[in-house]
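The structure file upload_0.txt is reproduced below (compact mmCIF, C-alpha atoms and all ligand atoms).
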# COMPACT_ATOMS: atom_id res chain seq x y z
CA MET A 5 84.50 89.54 98.03
CA GLU A 6 88.27 89.59 98.54
CA LYS A 7 90.03 86.24 98.66
CA PRO A 8 92.76 85.64 101.24
CA SER A 9 95.10 84.82 98.34
CA ASP A 10 94.76 88.40 97.13
CA LEU A 11 96.80 89.56 100.08
CA LEU A 12 100.23 90.73 98.95
CA LEU A 13 101.55 92.49 101.99
CA ASP A 14 100.42 92.25 105.58
CA ILE A 15 102.08 94.83 107.81
CA GLN A 16 101.43 94.29 111.50
CA HIS A 17 102.44 96.61 114.35
CA LEU A 18 105.42 98.06 112.51
CA HIS A 19 107.72 100.33 114.49
CA THR A 20 110.68 101.95 112.77
CA GLY A 21 112.89 104.04 115.01
CA PHE A 22 115.97 106.13 114.30
CA ARG A 23 118.80 106.61 116.76
CA LEU A 24 119.21 110.24 117.76
CA LYS A 25 121.80 111.08 120.42
CA GLY A 26 121.90 107.48 121.59
CA LYS A 27 118.12 107.02 121.85
CA PHE A 28 115.66 105.48 119.38
CA TYR A 29 112.63 107.49 118.30
CA ASP A 30 109.87 105.84 116.28
CA ALA A 31 109.21 107.59 112.94
CA VAL A 32 106.72 104.82 112.18
CA ASP A 33 104.79 103.93 115.29
CA ASP A 34 102.60 100.83 115.37
CA VAL A 35 101.45 100.85 111.76
CA SER A 36 99.28 97.97 110.54
CA LEU A 37 98.24 97.92 106.88
CA THR A 38 97.48 95.47 104.10
CA LEU A 39 98.02 95.64 100.36
CA ARG A 40 96.03 93.46 97.99
CA LYS A 41 96.51 92.42 94.41
CA ASN A 42 95.27 94.94 91.89
CA GLU A 43 94.90 97.72 94.41
CA ILE A 44 96.47 101.16 94.58
CA LEU A 45 96.95 102.07 98.21
CA ALA A 46 97.89 105.71 98.74
CA ILE A 47 99.78 106.82 101.82
CA VAL A 48 99.33 110.53 102.43
CA GLY A 49 100.51 113.01 105.02
CA GLU A 50 102.60 116.13 105.41
CA SER A 51 106.37 116.13 105.30
CA GLY A 52 107.77 114.30 108.31
CA SER A 53 104.72 112.11 108.90
CA GLY A 54 106.70 108.90 108.26
CA LYS A 55 105.65 107.92 104.73
CA SER A 56 109.15 107.38 103.33
CA THR A 57 110.26 105.62 106.50
CA LEU A 58 107.40 103.19 106.00
CA ALA A 59 108.49 102.63 102.38
CA SER A 60 112.14 102.10 103.26
CA SER A 61 111.11 99.64 106.00
CA ILE A 62 109.20 97.59 103.42
CA ILE A 63 112.14 97.36 101.05
CA GLY A 64 114.76 97.10 103.78
CA LEU A 65 116.71 100.15 102.69
CA TYR A 66 117.97 101.78 105.86
CA ASP A 67 121.10 102.16 107.90
CA GLN A 68 121.02 98.96 109.99
CA LYS A 69 123.16 100.43 112.74
CA ASN A 70 121.03 103.45 113.49
CA THR A 71 117.59 102.11 112.65
CA ARG A 72 115.47 99.75 114.70
CA VAL A 73 112.63 97.95 112.94
CA ARG A 74 110.13 95.87 114.92
CA GLY A 75 106.83 94.21 114.04
CA ASP A 76 105.99 92.15 110.96
CA ILE A 77 105.90 92.82 107.23
CA LEU A 78 104.60 89.59 105.76
CA PHE A 79 105.14 89.05 102.05
CA ASN A 80 104.20 85.59 100.74
CA GLU A 81 104.67 84.18 104.24
CA LEU A 82 108.15 85.67 104.39
CA ASN A 83 108.73 88.24 107.12
CA LEU A 84 110.66 91.18 105.61
CA VAL A 85 111.50 92.50 109.07
CA GLY A 86 114.94 91.21 109.94
CA LEU A 87 115.38 89.52 106.54
CA ASN A 88 119.04 89.07 105.62
CA GLU A 89 120.51 91.28 102.94
CA SER A 90 121.09 88.58 100.33
CA LEU A 91 117.42 87.50 100.46
CA PHE A 92 116.35 91.15 100.36
CA ASN A 93 118.48 91.66 97.26
CA ARG A 94 116.53 88.91 95.55
CA ILE A 95 113.20 90.48 96.49
CA ARG A 96 114.04 94.10 95.73
CA GLY A 97 113.52 94.81 92.06
CA LYS A 98 112.28 91.29 91.35
CA GLU A 99 109.27 90.98 93.68
CA ILE A 100 108.96 94.60 94.73
CA GLY A 101 109.64 97.24 92.08
CA MET A 102 110.55 100.75 93.15
CA ILE A 103 109.78 104.13 91.61
CA PHE A 104 111.22 107.22 93.24
CA GLN A 105 110.67 110.95 93.03
CA ASP A 106 113.81 111.88 91.15
CA PRO A 107 114.37 109.70 88.09
CA LEU A 108 117.63 111.44 87.23
CA ALA A 109 119.14 110.45 90.57
CA ALA A 110 117.95 106.88 90.14
CA LEU A 111 119.51 106.45 86.68
CA ASN A 112 123.18 106.01 85.86
CA PRO A 113 124.18 109.14 83.88
CA LEU A 114 126.93 107.29 82.03
CA MET A 115 124.88 104.37 80.77
CA ARG A 116 122.54 104.26 77.80
CA ILE A 117 118.85 103.74 78.67
CA GLY A 118 118.65 100.34 76.96
CA ALA A 119 121.73 99.06 78.78
CA GLN A 120 120.27 100.12 82.17
CA ILE A 121 117.06 98.21 81.58
CA GLU A 122 118.99 95.25 80.23
CA GLU A 123 121.15 95.18 83.34
CA THR A 124 118.04 94.65 85.50
CA LEU A 125 116.95 91.80 83.22
CA TYR A 126 120.44 90.32 83.40
CA TYR A 127 120.35 90.16 87.20
CA HIS A 128 116.75 89.11 87.67
CA THR A 129 115.87 86.85 84.71
CA LYS A 130 117.28 83.92 82.79
CA LEU A 131 116.78 85.62 79.40
CA ASN A 132 119.70 85.42 76.97
CA GLU A 133 121.19 88.55 75.42
CA LYS A 134 118.96 88.55 72.33
CA GLU A 135 115.84 87.99 74.44
CA ARG A 136 116.89 90.76 76.81
CA LYS A 137 117.30 93.24 73.96
CA THR A 138 113.86 92.38 72.63
CA ARG A 139 112.35 92.71 76.11
CA VAL A 140 113.97 96.15 76.58
CA LEU A 141 112.13 97.42 73.49
CA GLU A 142 108.88 95.79 74.64
CA LEU A 143 109.20 97.46 78.03
CA LEU A 144 109.92 100.88 76.54
CA ASP A 145 106.87 100.44 74.34
CA GLN A 146 104.76 99.31 77.33
CA VAL A 147 105.57 102.49 79.26
CA GLY A 148 104.57 104.63 76.29
CA ILE A 149 107.98 105.66 75.00
CA PRO A 150 107.80 106.49 71.29
CA ASP A 151 110.54 105.09 69.06
CA PRO A 152 112.00 102.66 71.63
CA VAL A 153 114.98 101.74 69.42
CA ARG A 154 116.20 105.34 69.31
CA ILE A 155 115.47 106.08 72.97
CA SER A 156 117.22 102.91 74.12
CA ARG A 157 120.45 104.32 72.68
CA GLN A 158 120.16 107.63 74.51
CA TYR A 159 121.56 108.74 77.85
CA PRO A 160 119.33 109.91 80.75
CA HIS A 161 120.21 113.61 80.32
CA GLU A 162 118.93 113.49 76.74
CA LEU A 163 115.38 112.70 77.91
CA SER A 164 112.70 114.90 79.49
CA GLY A 165 111.71 114.38 83.16
CA GLY A 166 108.53 112.57 82.16
CA MET A 167 110.40 110.26 79.77
CA ARG A 168 112.99 109.51 82.44
CA GLN A 169 110.23 108.57 84.88
CA ARG A 170 108.80 106.23 82.21
CA VAL A 171 112.23 104.60 81.98
CA ILE A 172 112.30 104.16 85.76
CA ILE A 173 108.87 102.56 85.56
CA ALA A 174 110.11 100.26 82.78
CA ILE A 175 112.97 99.16 85.05
CA ALA A 176 110.58 98.74 87.99
CA ILE A 177 108.23 96.47 86.05
CA ALA A 178 110.95 94.64 84.08
CA ASP A 179 110.63 91.48 86.10
CA LYS A 180 106.86 91.71 86.61
CA PRO A 181 106.95 92.35 90.36
CA SER A 182 103.78 91.73 92.33
CA ILE A 183 104.25 94.97 94.28
CA LEU A 184 105.24 98.44 93.09
CA LEU A 185 106.36 100.99 95.60
CA ALA A 186 106.11 104.53 94.23
CA ASP A 187 107.44 107.29 96.50
CA GLU A 188 106.28 110.70 95.22
CA PRO A 189 106.60 109.50 91.60
CA THR A 190 105.15 112.65 90.07
CA THR A 191 106.29 115.38 92.45
CA ALA A 192 109.19 116.48 90.25
CA LEU A 193 107.04 116.64 87.11
CA ASP A 194 104.77 119.32 85.73
CA VAL A 195 101.02 118.85 85.98
CA THR A 196 100.30 117.50 82.48
CA ILE A 197 103.12 114.99 82.69
CA GLN A 198 102.01 114.03 86.23
CA ALA A 199 98.61 113.00 84.87
CA GLN A 200 100.23 110.90 82.13
CA ILE A 201 102.48 109.09 84.61
CA LEU A 202 99.52 108.40 86.92
CA ASP A 203 97.55 107.02 83.96
CA LEU A 204 100.52 104.84 83.12
CA LEU A 205 100.62 103.46 86.68
CA LYS A 206 96.91 102.64 86.44
CA ASP A 207 97.44 100.92 83.07
CA ILE A 208 100.25 98.87 84.56
CA GLN A 209 98.04 97.89 87.47
CA ASP A 210 95.34 96.78 85.00
CA GLU A 211 97.77 94.77 82.90
CA THR A 212 99.77 93.14 85.69
CA SER A 213 97.35 93.06 88.68
CA ALA A 214 100.24 94.42 90.77
CA GLY A 215 99.49 95.99 94.11
CA ILE A 216 100.80 99.55 94.17
CA ILE A 217 101.74 101.61 97.21
CA LEU A 218 101.64 105.24 96.18
CA ILE A 219 103.28 107.64 98.60
CA THR A 220 102.34 111.25 98.12
CA HIS A 221 101.53 114.47 99.91
CA ASP A 222 99.20 115.42 97.07
CA LEU A 223 95.52 114.59 97.60
CA GLY A 224 94.78 115.48 93.97
CA VAL A 225 97.01 112.58 92.93
CA VAL A 226 95.21 110.35 95.45
CA SER A 227 91.71 111.20 94.23
CA GLU A 228 92.64 110.41 90.64
CA THR A 229 94.57 107.24 91.24
CA ALA A 230 94.03 105.41 94.51
CA ASP A 231 91.55 102.73 95.52
CA ARG A 232 92.24 103.06 99.23
CA VAL A 233 93.96 105.74 101.30
CA ALA A 234 95.89 105.66 104.56
CA VAL A 235 96.47 109.07 106.15
CA MET A 236 99.58 109.31 108.32
CA TYR A 237 100.32 111.84 111.00
CA ALA A 238 103.36 111.80 113.30
CA GLY A 239 104.24 108.20 112.48
CA GLN A 240 100.74 106.79 112.93
CA ILE A 241 97.83 106.01 110.67
CA VAL A 242 95.06 108.36 111.71
CA GLU A 243 92.50 107.35 109.09
CA VAL A 244 92.16 104.69 106.44
CA ALA A 245 89.28 104.33 103.99
CA PRO A 246 88.30 103.54 100.42
CA VAL A 247 89.08 106.61 98.33
CA ASP A 248 85.49 107.73 97.69
CA GLU A 249 84.59 107.33 101.34
CA LEU A 250 87.61 109.36 102.43
CA PHE A 251 86.74 112.24 100.12
CA THR A 252 83.02 112.29 100.88
CA ASN A 253 83.15 111.49 104.58
CA PRO A 254 86.52 112.52 106.03
CA LEU A 255 86.43 112.12 109.80
CA HIS A 256 89.79 112.72 111.42
CA PRO A 257 90.51 116.44 111.97
CA TYR A 258 93.84 115.99 110.20
CA THR A 259 92.26 114.43 107.12
CA ARG A 260 89.67 117.18 107.03
CA SER A 261 92.38 119.79 107.28
CA LEU A 262 94.37 118.18 104.45
CA LEU A 263 91.25 118.11 102.29
CA GLU A 264 90.49 121.71 103.09
CA SER A 265 93.94 122.73 101.91
CA MET A 266 93.20 121.16 98.51
CA PRO A 267 92.03 123.50 95.81
CA GLN A 268 88.42 122.96 94.69
CA THR A 269 87.55 120.55 97.44
CA ASP A 270 83.92 119.50 97.73
CA VAL A 271 84.01 119.68 101.52
CA ASP A 272 81.72 122.34 102.96
CA ASP A 273 83.64 125.60 102.88
CA GLU A 274 81.99 127.28 105.81
CA GLU A 275 82.77 124.51 108.19
CA LEU A 276 86.41 123.93 107.40
CA HIS A 277 89.61 125.91 107.83
CA VAL A 278 93.18 124.82 107.48
CA ILE A 279 94.72 123.88 110.82
CA GLU A 280 97.92 125.70 111.72
CA GLY A 281 101.18 123.95 112.60
CA THR A 282 103.38 121.15 111.32
CA VAL A 283 104.32 117.59 112.20
CA PRO A 284 106.62 117.68 115.26
CA SER A 285 110.20 116.47 114.91
CA LEU A 286 110.97 112.97 116.17
CA ASP A 287 112.46 113.99 119.50
CA LYS A 288 109.47 116.26 120.20
CA MET A 289 106.85 113.66 119.30
CA MET A 290 104.29 112.87 122.00
CA THR A 291 104.47 109.23 123.00
CA ASP A 292 101.03 109.01 124.60
CA GLY A 293 97.65 110.57 124.07
CA CYS A 294 96.29 111.95 120.80
CA ARG A 295 99.24 113.29 118.80
CA PHE A 296 97.00 115.69 116.95
CA ALA A 297 95.61 117.29 120.15
CA PRO A 298 98.18 120.15 120.25
CA ARG A 299 96.99 121.29 116.81
CA ILE A 300 93.34 121.48 117.86
CA PRO A 301 93.66 123.02 121.33
CA TRP A 302 90.05 124.21 121.32
CA ILE A 303 88.86 120.61 121.52
CA ASP A 304 88.13 119.59 125.08
CA ALA A 305 90.72 117.20 126.54
CA THR A 306 87.97 114.75 127.48
CA SER A 307 87.15 114.28 123.78
CA HIS A 308 90.47 112.53 123.23
CA GLU A 309 91.24 108.97 124.20
CA GLU A 310 94.09 108.35 126.62
CA GLU A 311 95.45 105.69 124.28
CA PRO A 312 93.91 106.44 120.90
CA ILE A 313 93.08 103.43 118.76
CA LEU A 314 91.65 103.03 115.27
CA HIS A 315 87.83 102.75 115.35
CA GLU A 316 86.02 101.08 112.47
CA VAL A 317 83.16 103.42 111.57
CA SER A 318 82.04 101.56 108.44
CA PRO A 319 83.50 98.61 106.53
CA GLY A 320 87.10 99.47 105.72
CA HIS A 321 86.86 102.98 107.19
CA GLU A 322 88.85 103.45 110.40
CA VAL A 323 89.69 106.59 112.33
CA ARG A 324 92.02 107.14 115.27
CA CYS A 325 90.90 108.69 118.56
CA THR A 326 87.39 109.70 119.61
CA CYS A 327 88.14 113.42 119.13
CA TYR A 328 86.75 113.32 115.58
CA ARG A 329 83.23 113.05 117.07
CA ASP A 330 83.46 116.46 118.74
CA PHE A 331 85.58 118.08 116.15
CA TYR A 332 84.68 121.30 114.50
CA PHE A 333 86.94 123.94 112.97
CA LYS A 334 87.44 127.30 114.62
CA ASN A 335 89.99 130.00 113.97
N1 LIG B 1 117.67 108.41 108.64
C1 LIG B 1 117.02 109.16 109.53
N2 LIG B 1 117.57 109.46 110.72
C2 LIG B 1 116.91 110.20 111.63
N3 LIG B 1 115.66 110.70 111.46
C3 LIG B 1 115.06 110.43 110.29
C4 LIG B 1 115.70 109.66 109.26
N4 LIG B 1 114.85 109.56 108.20
C5 LIG B 1 113.74 110.24 108.55
N5 LIG B 1 113.86 110.76 109.80
C6 LIG B 1 112.85 111.53 110.52
O1 LIG B 1 111.69 110.69 110.61
C7 LIG B 1 110.50 111.46 110.48
C8 LIG B 1 109.69 110.91 109.32
O2 LIG B 1 110.39 111.20 108.12
P1 LIG B 1 109.92 110.65 106.69
O3 LIG B 1 110.93 111.07 105.68
O4 LIG B 1 109.60 109.22 106.79
O5 LIG B 1 108.57 111.47 106.48
P2 LIG B 1 107.77 111.73 105.13
O6 LIG B 1 106.35 111.73 105.54
O7 LIG B 1 108.19 110.75 104.11
O8 LIG B 1 108.25 113.17 104.75
P3 LIG B 1 108.69 113.75 103.31
O9 LIG B 1 107.41 113.86 102.53
O10 LIG B 1 109.32 115.06 103.62
O11 LIG B 1 109.64 112.74 102.73
C9 LIG B 1 110.96 112.91 110.30
O12 LIG B 1 110.93 113.54 111.56
C10 LIG B 1 112.38 112.78 109.78
O13 LIG B 1 113.16 113.88 110.14
What is this structure when it is put down as structure tokens?
Amino acid sequence: MEKPSDLLLDIQHLHTGFRLKGKFYDAVDDVSLTLRKNEILAIVGESGSGKSTLASSIIGLYDQKNTRVRGDILFNELNLVGLNESLFNRIRGKEIGMIFQDPLAALNPLMRIGAQIEETLYYHTKLNEKERKTRVLELLDQVGIPDPVRISRQYPHELSGGMRQRVIIAIAIADKPSILLADEPTTALDVTIQAQILDLLKDIQDETSAGIILITHDLGVVSETADRVAVMYAGQIVEVAPVDELFTNPLHPYTRSLLESMPQTDVDDEELHVIEGTVPSLDKMMTDGCRFAPRIPWIDATSHEEEPILHEVSPGHEVRCTCYRDFYFKN
């Protein structure tokens, strides 16, 4: 049974809108989600579904002038929505570690690896110089880097992509944050290295009990790593479920379509076909009705709800709109 104290992040009715030609359009539209200690929550969806916007809302990294964020993101009773920049600077890196897709872009090309990790420790801890240097080597060892002394003296371009991502992870966990936010952490890496980095994230979760938000478009990554999955489409969560439940009993037509596009899926082949189309751009997004309806035009309009909500179909498994009940694939 989960304890209330396990709750790390409580996102309620989050709307994040971008200004386009003088008008705000919500790229994240009424998203409510929780993250608990020791859990890997995957957020999946095609390009443009709002995953990165959700991540940048959590860590407060957006252009204040052209972005409107409403709702609540509660972290230890602190609301991150509207938090001032100096408080956010204390939370980012220290309480919420970040891992991004492109480690090369996230590292300073002119600074040795050890110095970059030490810089984080300098800003976020009270360790003295000697302690920081020792901790740098411990961190490199923790993320599976062989010969930490040698690697700490190297520059980012001297390391492979997988090694660089390990360095980014070392920086992200340097101050033992309670939350790790990983946005497509393995997309730029080849398959073998991807698996190693995912294993490393799981090891870190085991060792630190951190809650991890893993943003990805890759359901293979999800099946191997996540505990719970939220599927996003056009700014909304369309289905959320424990990982096994999502893979064995996918309900929303969009989830089923994503699963069908996965190689070697277990879902019944005869029944499923990939649905054509893409996520609409922000200014073309429907604001009412089922946003997925245009991609399944053969489903009768009466199957959709006028204002689709998330329905709990079993404990922890929710699906948006009633159309899933009548859904079947047809080419
Ligand atoms: N700064 C911005 N200004 C205007 N529109 C934006 C901005 N950032 C994202 N968008 C739009 O918001 C929508 C959601 O984008 P977002 O990057 O969050 O999706 P995503 O699911 O993370 O996609 P990807 O996997 O390609 O990163 C898209 O239509 C995108 O074009």
7 Å shell around ligand LIG 1 (chain B) using all atoms listed in the file, listed as a PDB file with C-alpha atoms, keeping the file's coordinate frame:
ATOM      1  CA  PHE A  22     115.970 106.130 114.300  1.00  0.00           C
ATOM      2  CA  ARG A  23     118.800 106.610 116.760  1.00  0.00           C
ATOM      3  CA  LEU A  24     119.210 110.240 117.760  1.00  0.00           C
ATOM      4  CA  ALA A  31     109.210 107.590 112.940  1.00  0.00           C
ATOM      5  CA  GLY A  49     100.510 113.010 105.020  1.00  0.00           C
ATOM      6  CA  GLU A  50     102.600 116.130 105.410  1.00  0.00           C
ATOM      7  CA  SER A  51     106.370 116.130 105.300  1.00  0.00           C
ATOM      8  CA  GLY A  52     107.770 114.300 108.310  1.00  0.00           C
ATOM      9  CA  SER A  53     104.720 112.110 108.900  1.00  0.00           C
ATOM     10  CA  GLY A  54     106.700 108.900 108.260  1.00  0.00           C
ATOM     11  CA  LYS A  55     105.650 107.920 104.730  1.00  0.00           C
ATOM     12  CA  SER A  56     109.150 107.380 103.330  1.00  0.00           C
ATOM     13  CA  THR A  57     110.260 105.620 106.500  1.00  0.00           C
ATOM     14  CA  LEU A  58     107.400 103.190 106.000  1.00  0.00           C
ATOM     15  CA  HIS A 221     101.530 114.470  99.910  1.00  0.00           C
ATOM     16  CA  GLY A 239     104.240 108.200 112.480  1.00  0.00           C
ATOM     17  CA  SER A 285     110.200 116.470 114.910  1.00  0.00           C
ATOM     18  CA  LEU A 286     110.970 112.970 116.170  1.00  0.00           C
TER      19      LEU A 286
END
* Contacts of Glu243 in chain A at 6 Å (all atoms listed in the file; same-chain gap of 2+ positions) as a PyMOL selection string -> chain A and resi 234-235+241+322-323
Take the residues from that selection and write them out as a PDB file, keeping the file's coordinate frame, keeping C-alpha atoms.
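The file below, again_24.pdb, is the result:
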ATOM      1  CA  ALA A 234      95.890 105.660 104.560  1.00  0.00           C
ATOM      2  CA  VAL A 235      96.470 109.070 106.150  1.00  0.00           C
ATOM      3  CA  ILE A 241      97.830 106.010 110.670  1.00  0.00           C
ATOM      4  CA  GLU A 322      88.850 103.450 110.400  1.00  0.00           C
ATOM      5  CA  VAL A 323      89.690 106.590 112.330  1.00  0.00           C
TER       6      VAL A 323
END
* Asked: Which residues, written as a VMD selection string, have at least one atom at most 12 Å from His315 in chain A, with all atoms listed in the file counted and residues fewer than 4 positions away on the same chain left out?
  -> chain A and resid 241 to 245 255 to 256 309 319 to 329
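Around the coordinate (90.3, 117.6, 124.5), residues that reach within 10 Å when counting all atoms listed in the file are Cys294, Ala297, Pro298, Ile300, Pro301, Trp302, Ile303, Asp304, Ala305, Thr306, Ser307, His308, Glu309, Thr326, Cys327, Asp330 and Phe331 of chain A.
The coordinates place CA of Arg74 in chain A at 20.3 Å from CA of Leu185 in chain A.
Taking CA of Asp207 in chain A and CA of Val147 in chain A as endpoints, the distance between them is 9.1 Å.
What separates CA of Leu163 in chain A from CA of Gly101 in chain A is a distance of 21.7 Å.
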* To do: Have a look at A:Gly75, A:Gly281, A:Pro107, A:Gly97 and name the one nearest to Leu125 in chain A; count all atoms listed in the file.
  => A:Gly97
* Within 12 Å of Lys288 in chain A using only C-alpha atoms, minus same-chain residues under 4 positions, as a ChimeraX atom specification -> /A:24,29-31,238,282-284,292,295,298
* Structure fact -> Of A:Val48, A:Ser36, A:Leu141, A:Phe296, the one nearest to Val226 in chain A when counting only C-alpha atoms is A:Val48
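With only C-alpha atoms as the basis for measurement, A:Ser182 is the residue among A:Thr20, A:Ser182, A:Asn70, A:Ser227 that approaches Lys41 in chain A most closely.
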* To do: Tell me which protein, DNA and RNA residues are within 8 Å of Thr229 in chain A, counting only C-alpha atoms, leaving out same-chain ones fewer than 3 positions away, and put them as a PyMOL selection string.
  => chain A and resi 44+202-203+206+225-226
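Using all atoms listed in the file, the shortest contact distance between Glu81 in chain A and any of A:Leu37, A:Asn93, A:Ile117, A:Ile15 is found at A:Ile15.
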Give the padded box for range 297-309 of chain A as AutoDock Vina command-line options: axis-aligned, covering all atoms listed in the file, 4 Å on each side, centre and edge lengths in Å to one decimal.
--center_x 92.7 --center_y 116.6 --center_z 122.1 --size_x 19.0 --size_y 23.2 --size_z 18.7
Reconstructed N, CA and C atoms for range 99-113 of chain A, given as a PDB file, in the coordinates of the input:
ATOM      1  N   GLU A  99     110.629  91.155  93.126  1.00  0.00           N
ATOM      2  CA  GLU A  99     109.270  90.980  93.680  1.00  0.00           C
ATOM      3  C   GLU A  99     108.632  92.325  94.006  1.00  0.00           C
ATOM      4  N   ILE A 100     109.473  93.273  94.401  1.00  0.00           N
ATOM      5  CA  ILE A 100     108.960  94.600  94.730  1.00  0.00           C
ATOM      6  C   ILE A 100     109.718  95.627  93.885  1.00  0.00           C
ATOM      7  N   GLY A 101     109.018  96.226  92.924  1.00  0.00           N
ATOM      8  CA  GLY A 101     109.640  97.240  92.080  1.00  0.00           C
ATOM      9  C   GLY A 101     109.543  98.607  92.741  1.00  0.00           C
ATOM     10  N   MET A 102     110.530  99.448  92.468  1.00  0.00           N
ATOM     11  CA  MET A 102     110.550 100.750  93.150  1.00  0.00           C
ATOM     12  C   MET A 102     110.597 101.909  92.153  1.00  0.00           C
ATOM     13  N   ILE A 103     109.797 102.922  92.447  1.00  0.00           N
ATOM     14  CA  ILE A 103     109.780 104.130  91.610  1.00  0.00           C
ATOM     15  C   ILE A 103     109.947 105.314  92.561  1.00  0.00           C
ATOM     16  N   PHE A 104     110.968 106.115  92.321  1.00  0.00           N
ATOM     17  CA  PHE A 104     111.220 107.220  93.240  1.00  0.00           C
ATOM     18  C   PHE A 104     110.946 108.566  92.591  1.00  0.00           C
ATOM     19  N   GLN A 105     111.026 109.589  93.442  1.00  0.00           N
ATOM     20  CA  GLN A 105     110.670 110.950  93.030  1.00  0.00           C
ATOM     21  C   GLN A 105     111.569 111.487  91.920  1.00  0.00           C
ATOM     22  N   ASP A 106     112.869 111.227  92.052  1.00  0.00           N
ATOM     23  CA  ASP A 106     113.810 111.880  91.150  1.00  0.00           C
ATOM     24  C   ASP A 106     114.430 110.854  90.204  1.00  0.00           C
ATOM     25  N   PRO A 107     113.866 110.735  88.992  1.00  0.00           N
ATOM     26  CA  PRO A 107     114.370 109.700  88.090  1.00  0.00           C
ATOM     27  C   PRO A 107     115.824 109.903  87.692  1.00  0.00           C
ATOM     28  N   LEU A 108     116.260 111.179  87.648  1.00  0.00           N
ATOM     29  CA  LEU A 108     117.630 111.440  87.230  1.00  0.00           C
ATOM     30  C   LEU A 108     118.614 110.839  88.249  1.00  0.00           C
ATOM     31  N   ALA A 109     118.260 110.985  89.533  1.00  0.00           N
ATOM     32  CA  ALA A 109     119.140 110.450  90.570  1.00  0.00           C
ATOM     33  C   ALA A 109     119.144 108.923  90.559  1.00  0.00           C
ATOM     34  N   ALA A 110     118.046 108.341  90.095  1.00  0.00           N
ATOM     35  CA  ALA A 110     117.950 106.880  90.140  1.00  0.00           C
ATOM     36  C   ALA A 110     118.603 106.218  88.915  1.00  0.00           C
ATOM     37  N   LEU A 111     118.904 107.024  87.889  1.00  0.00           N
ATOM     38  CA  LEU A 111     119.510 106.450  86.680  1.00  0.00           C
ATOM     39  C   LEU A 111     121.014 106.713  86.648  1.00  0.00           C
ATOM     40  N   ASN A 112     121.744 105.828  86.009  1.00  0.00           N
ATOM     41  CA  ASN A 112     123.180 106.010  85.860  1.00  0.00           C
ATOM     42  C   ASN A 112     123.423 106.963  84.672  1.00  0.00           C
ATOM     43  N   PRO A 113     124.039 108.153  84.941  1.00  0.00           N
ATOM     44  CA  PRO A 113     124.180 109.140  83.880  1.00  0.00           C
ATOM     45  C   PRO A 113     125.087 108.684  82.734  1.00  0.00           C
TER      46      PRO A 113
END
